[in-house]
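Notes for the one structure printed next.
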Amino acid sequence: QKVKKGYLSVKGEKADAQNKTLENIINIMDDCFKYFEVQNRIPSQQQLKEYYDHLSIGKYLPEEEVKEESVENIPPRTFWEIFDEFVQENGLKNAWTKSTYEKFASMKQDLQAYNKNLCFEDLTEKGLTGFVCYLRDKKKIAPPKSSTSEDGKKKGERVGLKNSTISKKLGFLAWFLKWATSKGYNTNLAYQTFKVTLKSTQKQVIFLTTDEIKKIIDLEIPQEKMYLDRVRDVFLFCCFSSLRHSDVYNLKRNDIRDGKIYVTTVKTADSLTIELNNVTTRILEKYKDTPFENNKALPVVSNQRMNVYLKELCKLAGIDEPIRETSYKGSERIDKISPKYELIGTHTGRRTFIVNGLSRGIAPNIMMKWTGHSSYSTMKPYIDIVDSIKAAEMEKMNFLD
């Protein structure tokens, strides 16, 4: 943070002179901290300023006139106060989304439910193991409002998280503890060597095949469900542009020009340029004369409502292939088979764009320019899917027994 050579201050002071002043300020402030450290005192802001003045221009008040604040008189900060500081600092520094704030709010609730008087010293290997056991065996989870059992009765609350969710929460906790250690709040380093075996499977990527997309396009929507027509258009726009719901929701008419979409993504703040194709062009043309609030380009409803409508739309289109999902809670394997339409959400459009684009031979590096993925590794799950599709297609060429 020094002044570059060749720059003059407003008063005409050269860079060397300005840097000398800065060095003097740093040295005086170091002496201030040493003075209070030797006395085992934490100064107030006013006391620090007074002693700085004393060392720099001789304005420090006599020792007996300064009210001492010993370390013993200052109450220590609680674990929860430090956690809140972590959220505030990192949220501002990393431009957290609402979703990330909600994840850490949930994390704080889980820690408080585990031990309302928690402190850093409690998070030994035994304490961390206890937290894992609480998440797996004791945490109560309310089911969705629409959740019903096979006999039509409302399901009760479930107990315990799946291993994949526990792993994510441990990652959040490690992030917080690493930050607290760097700040000098935490000296318990058990989290650095803590390991727990949580059996899990890779999450299945749900996307629509070209035949399933055609079913949606060709679907004749009943007159009483014409609200699904706009949902279909927005979803297809995502399937053929790679945009997330948050980005298509914020898309303005002036973001589209010269046959291209210019967007700064909400989630990652990436600036992307995405060329239009005949599908996205046709959808935009359909709504070009329809006025929307805030000059929006498309009639996009909230993410939650759209997810509900998409399941209804895909069910009408007959996208009901049974899909098996495997997960683990502790050592227990949980297999769930659902019709595909139940697993469709707004993000399915983005996944559909990637898988179908790669299947048609578009190079991964080109896809990454459209989607905003930052590394090849983030594209690998989609590439693996395409490879498996190619292998299955090749079997159709086995004519000889």
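Ordering of the structure tokens sets the chain letters (A, B, ...); residue numbers start at 1 within each chain; ligands are numbered from 1 in the order shown.
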Requested in this report: Excluding Leu161 (chain A) and residues on its chain fewer than 6 positions from it, collect all residues at most 7 Å away from it, counting only C-alpha atoms, and give them as a ChimeraX atom specification.
Outcome: /A:135-136,329
Report task. Pick out each residue of region 275-328 of chain A that DSSP on the backbone tags as strand (DSSP E or B); I need them as a ChimeraX atom specification. Result -> /A:275,296,322-328
Residues of the last selection are to be written out with all heavy atoms, as a compact mmCIF listing (two decimals), in the first residue's frame.
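This is the output file part18.txt:
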# COMPACT_ATOMS: atom_id res chain seq x y z
N GLU A 275 -25.17 -17.00 -28.16
CA GLU A 275 -25.83 -16.79 -29.44
C GLU A 275 -27.24 -17.38 -29.42
O GLU A 275 -27.48 -18.42 -28.80
CB GLU A 275 -25.02 -17.44 -30.57
CG GLU A 275 -23.75 -16.69 -30.95
CD GLU A 275 -22.62 -16.83 -29.94
OE1 GLU A 275 -22.73 -17.72 -29.06
OE2 GLU A 275 -21.67 -16.04 -29.99
N LYS A 296 -38.92 -6.94 -18.73
CA LYS A 296 -38.44 -8.32 -18.84
C LYS A 296 -38.74 -8.88 -20.23
O LYS A 296 -39.71 -8.49 -20.87
CB LYS A 296 -39.08 -9.20 -17.77
CG LYS A 296 -38.59 -8.90 -16.35
CD LYS A 296 -39.17 -9.90 -15.36
CE LYS A 296 -38.63 -9.64 -13.97
NZ LYS A 296 -39.15 -10.62 -12.98
N PRO A 322 -39.51 -44.52 -15.05
CA PRO A 322 -39.12 -44.69 -13.65
C PRO A 322 -37.62 -44.47 -13.46
O PRO A 322 -36.80 -45.02 -14.18
CB PRO A 322 -39.52 -46.14 -13.33
CG PRO A 322 -39.60 -46.82 -14.66
CD PRO A 322 -40.00 -45.77 -15.66
N ILE A 323 -37.27 -43.63 -12.50
CA ILE A 323 -35.87 -43.31 -12.21
C ILE A 323 -35.55 -43.76 -10.79
O ILE A 323 -36.26 -43.42 -9.84
CB ILE A 323 -35.62 -41.79 -12.33
CG1 ILE A 323 -35.97 -41.28 -13.73
CG2 ILE A 323 -34.17 -41.46 -11.97
CD1 ILE A 323 -35.07 -41.79 -14.82
N ARG A 324 -34.48 -44.53 -10.66
CA ARG A 324 -34.05 -44.99 -9.34
C ARG A 324 -33.02 -44.01 -8.77
O ARG A 324 -32.02 -43.69 -9.42
CB ARG A 324 -33.43 -46.38 -9.42
CG ARG A 324 -32.94 -46.91 -8.05
CD ARG A 324 -32.07 -48.15 -8.23
NE ARG A 324 -32.84 -49.25 -8.79
CZ ARG A 324 -33.52 -50.12 -8.06
NH1 ARG A 324 -33.51 -50.03 -6.74
NH2 ARG A 324 -34.18 -51.10 -8.64
N GLU A 325 -33.24 -43.56 -7.55
CA GLU A 325 -32.27 -42.72 -6.84
C GLU A 325 -31.78 -43.48 -5.62
O GLU A 325 -32.59 -43.98 -4.83
CB GLU A 325 -32.92 -41.41 -6.39
CG GLU A 325 -33.32 -40.48 -7.51
CD GLU A 325 -33.94 -39.20 -6.99
OE1 GLU A 325 -35.05 -39.28 -6.43
OE2 GLU A 325 -33.31 -38.13 -7.11
N THR A 326 -30.47 -43.58 -5.47
CA THR A 326 -29.87 -44.30 -4.35
C THR A 326 -29.13 -43.32 -3.45
O THR A 326 -28.35 -42.49 -3.93
CB THR A 326 -28.89 -45.37 -4.85
OG1 THR A 326 -29.59 -46.29 -5.70
CG2 THR A 326 -28.28 -46.14 -3.68
N SER A 327 -29.40 -43.41 -2.15
CA SER A 327 -28.70 -42.58 -1.18
C SER A 327 -28.43 -43.40 0.07
O SER A 327 -28.90 -44.54 0.19
CB SER A 327 -29.54 -41.33 -0.84
OG SER A 327 -30.79 -41.71 -0.30
N TYR A 328 -27.67 -42.82 1.00
CA TYR A 328 -27.32 -43.53 2.23
C TYR A 328 -27.57 -42.63 3.43
O TYR A 328 -27.31 -41.43 3.40
CB TYR A 328 -25.85 -43.96 2.22
CG TYR A 328 -25.56 -45.09 1.27
CD1 TYR A 328 -25.28 -44.85 -0.06
CD2 TYR A 328 -25.58 -46.41 1.72
CE1 TYR A 328 -25.02 -45.88 -0.95
CE2 TYR A 328 -25.31 -47.47 0.84
CZ TYR A 328 -25.03 -47.19 -0.49
OH TYR A 328 -24.78 -48.22 -1.36
Give me, as a PDB file with N, CA, C and O atoms, in the first residue's frame, all polymer residues having an atom no more than 12 Å from region 379-382 of chain A, counting only C-alpha atoms and skipping those fewer than 4 positions away in the same chain.
ATOM      1  N   GLN A 202     -22.691 -40.767  -6.323  1.00  0.00           N
ATOM      2  CA  GLN A 202     -22.724 -39.527  -7.092  1.00  0.00           C
ATOM      3  C   GLN A 202     -24.162 -39.197  -7.476  1.00  0.00           C
ATOM      4  O   GLN A 202     -24.923 -40.065  -7.901  1.00  0.00           O
ATOM      5  N   LYS A 203     -24.539 -37.941  -7.285  1.00  0.00           N
ATOM      6  CA  LYS A 203     -25.904 -37.532  -7.578  1.00  0.00           C
ATOM      7  C   LYS A 203     -26.195 -37.682  -9.065  1.00  0.00           C
ATOM      8  O   LYS A 203     -25.406 -37.292  -9.917  1.00  0.00           O
ATOM      9  N   GLN A 204     -27.349 -38.274  -9.349  1.00  0.00           N
ATOM     10  CA  GLN A 204     -27.734 -38.523 -10.732  1.00  0.00           C
ATOM     11  C   GLN A 204     -28.107 -37.213 -11.426  1.00  0.00           C
ATOM     12  O   GLN A 204     -28.796 -36.357 -10.858  1.00  0.00           O
ATOM     13  N   VAL A 205     -27.603 -37.031 -12.634  1.00  0.00           N
ATOM     14  CA  VAL A 205     -27.908 -35.832 -13.419  1.00  0.00           C
ATOM     15  C   VAL A 205     -29.191 -36.083 -14.199  1.00  0.00           C
ATOM     16  O   VAL A 205     -29.243 -36.960 -15.070  1.00  0.00           O
ATOM     17  N   ILE A 206     -30.217 -35.322 -13.880  1.00  0.00           N
ATOM     18  CA  ILE A 206     -31.506 -35.468 -14.566  1.00  0.00           C
ATOM     19  C   ILE A 206     -31.572 -34.467 -15.714  1.00  0.00           C
ATOM     20  O   ILE A 206     -31.428 -33.258 -15.515  1.00  0.00           O
ATOM     21  N   PHE A 207     -31.787 -34.980 -16.927  1.00  0.00           N
ATOM     22  CA  PHE A 207     -31.902 -34.127 -18.107  1.00  0.00           C
ATOM     23  C   PHE A 207     -32.952 -34.727 -19.040  1.00  0.00           C
ATOM     24  O   PHE A 207     -33.393 -35.874 -18.854  1.00  0.00           O
ATOM     25  N   ARG A 350     -30.950 -26.306 -17.869  1.00  0.00           N
ATOM     26  CA  ARG A 350     -29.508 -26.064 -18.053  1.00  0.00           C
ATOM     27  C   ARG A 350     -28.765 -27.374 -18.304  1.00  0.00           C
ATOM     28  O   ARG A 350     -27.906 -27.467 -19.169  1.00  0.00           O
ATOM     29  N   ARG A 351     -29.106 -28.402 -17.526  1.00  0.00           N
ATOM     30  CA  ARG A 351     -28.445 -29.708 -17.708  1.00  0.00           C
ATOM     31  C   ARG A 351     -28.781 -30.283 -19.086  1.00  0.00           C
ATOM     32  O   ARG A 351     -27.932 -30.908 -19.731  1.00  0.00           O
ATOM     33  N   THR A 352     -30.011 -30.099 -19.506  1.00  0.00           N
ATOM     34  CA  THR A 352     -30.443 -30.602 -20.817  1.00  0.00           C
ATOM     35  C   THR A 352     -29.633 -29.943 -21.931  1.00  0.00           C
ATOM     36  O   THR A 352     -29.202 -30.605 -22.886  1.00  0.00           O
ATOM     37  N   PHE A 353     -29.427 -28.630 -21.818  1.00  0.00           N
ATOM     38  CA  PHE A 353     -28.632 -27.908 -22.814  1.00  0.00           C
ATOM     39  C   PHE A 353     -27.226 -28.499 -22.914  1.00  0.00           C
ATOM     40  O   PHE A 353     -26.714 -28.747 -24.010  1.00  0.00           O
ATOM     41  N   ILE A 354     -26.600 -28.752 -21.768  1.00  0.00           N
ATOM     42  CA  ILE A 354     -25.210 -29.231 -21.762  1.00  0.00           C
ATOM     43  C   ILE A 354     -25.111 -30.627 -22.349  1.00  0.00           C
ATOM     44  O   ILE A 354     -24.285 -30.891 -23.242  1.00  0.00           O
ATOM     45  N   VAL A 355     -25.953 -31.553 -21.862  1.00  0.00           N
ATOM     46  CA  VAL A 355     -25.858 -32.948 -22.315  1.00  0.00           C
ATOM     47  C   VAL A 355     -26.171 -33.057 -23.800  1.00  0.00           C
ATOM     48  O   VAL A 355     -25.443 -33.715 -24.561  1.00  0.00           O
ATOM     49  N   ASN A 356     -27.231 -32.410 -24.245  1.00  0.00           N
ATOM     50  CA  ASN A 356     -27.598 -32.511 -25.657  1.00  0.00           C
ATOM     51  C   ASN A 356     -26.602 -31.794 -26.556  1.00  0.00           C
ATOM     52  O   ASN A 356     -26.336 -32.227 -27.682  1.00  0.00           O
ATOM     53  N   GLY A 357     -26.020 -30.701 -26.066  1.00  0.00           N
ATOM     54  CA  GLY A 357     -24.993 -30.009 -26.841  1.00  0.00           C
ATOM     55  C   GLY A 357     -23.757 -30.864 -27.030  1.00  0.00           C
ATOM     56  O   GLY A 357     -23.222 -30.979 -28.144  1.00  0.00           O
ATOM     57  N   LEU A 358     -23.303 -31.497 -25.946  1.00  0.00           N
ATOM     58  CA  LEU A 358     -22.132 -32.378 -26.044  1.00  0.00           C
ATOM     59  C   LEU A 358     -22.439 -33.592 -26.920  1.00  0.00           C
ATOM     60  O   LEU A 358     -21.587 -34.050 -27.691  1.00  0.00           O
ATOM     61  N   SER A 359     -23.665 -34.117 -26.809  1.00  0.00           N
ATOM     62  CA  SER A 359     -24.058 -35.277 -27.622  1.00  0.00           C
ATOM     63  C   SER A 359     -24.042 -34.955 -29.109  1.00  0.00           C
ATOM     64  O   SER A 359     -23.791 -35.829 -29.943  1.00  0.00           O
ATOM     65  N   ALA A 363     -17.845 -28.961 -28.793  1.00  0.00           N
ATOM     66  CA  ALA A 363     -16.661 -29.145 -27.950  1.00  0.00           C
ATOM     67  C   ALA A 363     -16.912 -28.614 -26.537  1.00  0.00           C
ATOM     68  O   ALA A 363     -17.577 -27.591 -26.363  1.00  0.00           O
ATOM     69  N   PRO A 364     -16.376 -29.302 -25.503  1.00  0.00           N
ATOM     70  CA  PRO A 364     -16.576 -28.846 -24.120  1.00  0.00           C
ATOM     71  C   PRO A 364     -16.124 -27.410 -23.876  1.00  0.00           C
ATOM     72  O   PRO A 364     -16.778 -26.675 -23.129  1.00  0.00           O
ATOM     73  N   ASN A 365     -15.008 -26.991 -24.501  1.00  0.00           N
ATOM     74  CA  ASN A 365     -14.532 -25.623 -24.262  1.00  0.00           C
ATOM     75  C   ASN A 365     -15.503 -24.580 -24.819  1.00  0.00           C
ATOM     76  O   ASN A 365     -15.620 -23.475 -24.285  1.00  0.00           O
ATOM     77  N   ILE A 366     -16.222 -24.930 -25.889  1.00  0.00           N
ATOM     78  CA  ILE A 366     -17.244 -24.024 -26.422  1.00  0.00           C
ATOM     79  C   ILE A 366     -18.441 -23.985 -25.477  1.00  0.00           C
ATOM     80  O   ILE A 366     -18.992 -22.910 -25.180  1.00  0.00           O
ATOM     81  N   MET A 367     -18.852 -25.152 -24.987  1.00  0.00           N
ATOM     82  CA  MET A 367     -19.967 -25.215 -24.049  1.00  0.00           C
ATOM     83  C   MET A 367     -19.676 -24.381 -22.805  1.00  0.00           C
ATOM     84  O   MET A 367     -20.560 -23.682 -22.289  1.00  0.00           O
ATOM     85  N   MET A 368     -18.439 -24.423 -22.341  1.00  0.00           N
ATOM     86  CA  MET A 368     -18.064 -23.688 -21.129  1.00  0.00           C
ATOM     87  C   MET A 368     -18.176 -22.179 -21.330  1.00  0.00           C
ATOM     88  O   MET A 368     -18.471 -21.444 -20.380  1.00  0.00           O
ATOM     89  N   LYS A 369     -17.962 -21.713 -22.544  1.00  0.00           N
ATOM     90  CA  LYS A 369     -18.113 -20.273 -22.821  1.00  0.00           C
ATOM     91  C   LYS A 369     -19.576 -19.849 -22.723  1.00  0.00           C
ATOM     92  O   LYS A 369     -19.883 -18.712 -22.364  1.00  0.00           O
ATOM     93  N   THR A 371     -21.962 -21.654 -20.839  1.00  0.00           N
ATOM     94  CA  THR A 371     -22.515 -21.971 -19.520  1.00  0.00           C
ATOM     95  C   THR A 371     -21.811 -21.231 -18.387  1.00  0.00           C
ATOM     96  O   THR A 371     -22.383 -21.086 -17.303  1.00  0.00           O
ATOM     97  N   GLY A 372     -20.566 -20.811 -18.619  1.00  0.00           N
ATOM     98  CA  GLY A 372     -19.830 -20.131 -17.563  1.00  0.00           C
ATOM     99  C   GLY A 372     -19.090 -21.068 -16.630  1.00  0.00           C
ATOM    100  O   GLY A 372     -18.538 -20.620 -15.616  1.00  0.00           O
ATOM    101  N   HIS A 373     -19.064 -22.384 -16.938  1.00  0.00           N
ATOM    102  CA  HIS A 373     -18.287 -23.305 -16.102  1.00  0.00           C
ATOM    103  C   HIS A 373     -16.816 -22.907 -16.171  1.00  0.00           C
ATOM    104  O   HIS A 373     -16.288 -22.626 -17.247  1.00  0.00           O
ATOM    105  N   SER A 374     -16.155 -22.910 -15.019  1.00  0.00           N
ATOM    106  CA  SER A 374     -14.798 -22.370 -14.950  1.00  0.00           C
ATOM    107  C   SER A 374     -13.701 -23.398 -15.207  1.00  0.00           C
ATOM    108  O   SER A 374     -12.564 -23.028 -15.476  1.00  0.00           O
ATOM    109  N   SER A 375     -14.012 -24.676 -15.113  1.00  0.00           N
ATOM    110  CA  SER A 375     -12.965 -25.685 -15.294  1.00  0.00           C
ATOM    111  C   SER A 375     -13.529 -26.918 -15.992  1.00  0.00           C
ATOM    112  O   SER A 375     -14.742 -27.187 -15.939  1.00  0.00           O
ATOM    113  N   VAL A 386     -22.517 -38.407 -21.678  1.00  0.00           N
ATOM    114  CA  VAL A 386     -22.494 -38.487 -23.143  1.00  0.00           C
ATOM    115  C   VAL A 386     -21.736 -39.729 -23.595  1.00  0.00           C
ATOM    116  O   VAL A 386     -22.153 -40.420 -24.535  1.00  0.00           O
ATOM    117  N   ASP A 387     -20.643 -40.043 -22.919  1.00  0.00           N
ATOM    118  CA  ASP A 387     -19.874 -41.247 -23.265  1.00  0.00           C
ATOM    119  C   ASP A 387     -20.712 -42.512 -23.073  1.00  0.00           C
ATOM    120  O   ASP A 387     -20.644 -43.438 -23.884  1.00  0.00           O
ATOM    121  N   SER A 388     -21.503 -42.542 -21.996  1.00  0.00           N
ATOM    122  CA  SER A 388     -22.347 -43.721 -21.753  1.00  0.00           C
ATOM    123  C   SER A 388     -23.454 -43.823 -22.790  1.00  0.00           C
ATOM    124  O   SER A 388     -23.841 -44.924 -23.202  1.00  0.00           O
ATOM    125  N   ILE A 389     -23.985 -42.668 -23.224  1.00  0.00           N
ATOM    126  CA  ILE A 389     -25.004 -42.668 -24.278  1.00  0.00           C
ATOM    127  C   ILE A 389     -24.429 -43.215 -25.573  1.00  0.00           C
ATOM    128  O   ILE A 389     -25.035 -44.040 -26.267  1.00  0.00           O
TER     129      ILE A 389
END
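Considering only C-alpha atoms, the residue among A:Asp229, A:Asp247, A:Asp255, A:Glu224 positioned nearest to Ile283 (chain A) is A:Asp229.
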Near region 111-126 of chain A, 9 Å: region 145-234 of chain A residue rows, closest pairs, only C-alpha atoms, as CSV:
residue,atom,partner,partner_atom,distance
A:Leu177,CA,A:Phe120,CA,8.4
A:Tyr185,CA,A:Phe120,CA,8.4
A:Asn186,CA,A:Phe120,CA,6.1
A:Thr187,CA,A:Phe120,CA,7.8
A:Asn188,CA,A:Glu121,CA,6.1
A:Leu189,CA,A:Thr124,CA,8.0
A:Ala190,CA,A:Thr124,CA,5.3
A:Tyr191,CA,A:Glu125,CA,7.2
A:Thr193,CA,A:Glu125,CA,8.5
A:Phe194,CA,A:Glu125,CA,6.1
A:Lys195,CA,A:Glu125,CA,8.7
Using only N, CA, C and O atoms, please write the residues we just selected to a file, as a tab-separated table (two decimals), in the first residue's frame.
chain	number	residue	atom	x	y	z
A	177	LEU	N	-14.35	-22.95	10.95
A	177	LEU	CA	-13.28	-23.20	11.92
A	177	LEU	C	-11.92	-22.75	11.39
A	177	LEU	O	-11.08	-22.23	12.14
A	185	TYR	N	-9.28	-16.80	17.03
A	185	TYR	CA	-10.38	-17.12	17.94
A	185	TYR	C	-10.33	-18.58	18.37
A	185	TYR	O	-10.82	-18.93	19.44
A	186	ASN	N	-9.79	-19.43	17.53
A	186	ASN	CA	-9.82	-20.87	17.77
A	186	ASN	C	-8.41	-21.44	17.79
A	186	ASN	O	-7.59	-21.15	16.91
A	187	THR	N	-8.12	-22.26	18.80
A	187	THR	CA	-6.82	-22.94	18.87
A	187	THR	C	-6.99	-24.46	18.84
A	187	THR	O	-6.02	-25.20	18.91
A	188	ASN	N	-8.23	-24.92	18.74
A	188	ASN	CA	-8.51	-26.35	18.68
A	188	ASN	C	-8.45	-26.80	17.22
A	188	ASN	O	-9.31	-26.45	16.42
A	189	LEU	N	-7.44	-27.59	16.87
A	189	LEU	CA	-7.21	-27.96	15.47
A	189	LEU	C	-7.69	-29.37	15.13
A	189	LEU	O	-7.28	-29.94	14.13
A	190	ALA	N	-8.57	-29.92	15.97
A	190	ALA	CA	-9.04	-31.29	15.72
A	190	ALA	C	-9.73	-31.40	14.36
A	190	ALA	O	-9.68	-32.46	13.72
A	191	TYR	N	-10.37	-30.34	13.91
A	191	TYR	CA	-11.10	-30.38	12.64
A	191	TYR	C	-10.18	-30.66	11.46
A	191	TYR	O	-10.62	-31.17	10.43
A	193	THR	N	-7.74	-32.81	11.19
A	193	THR	CA	-7.46	-34.24	11.01
A	193	THR	C	-8.71	-35.11	11.14
A	193	THR	O	-8.64	-36.33	10.99
A	194	PHE	N	-9.85	-34.48	11.42
A	194	PHE	CA	-11.08	-35.25	11.62
A	194	PHE	C	-11.55	-35.86	10.31
A	194	PHE	O	-11.68	-35.18	9.29
A	195	LYS	N	-11.80	-37.14	10.33
A	195	LYS	CA	-12.31	-37.84	9.15
A	195	LYS	C	-13.44	-38.76	9.58
A	195	LYS	O	-13.38	-39.41	10.61
Requested in this report: Would you please extract all helix (DSSP H, G or I) residues from region 122-257 of chain A, as assigned by DSSP on the backbone, and give them as a PyMOL selection string?
Outcome: chain A and resi 122+125-138+163-182+190-193+210-218+223-225+227-239+245-249+253-255
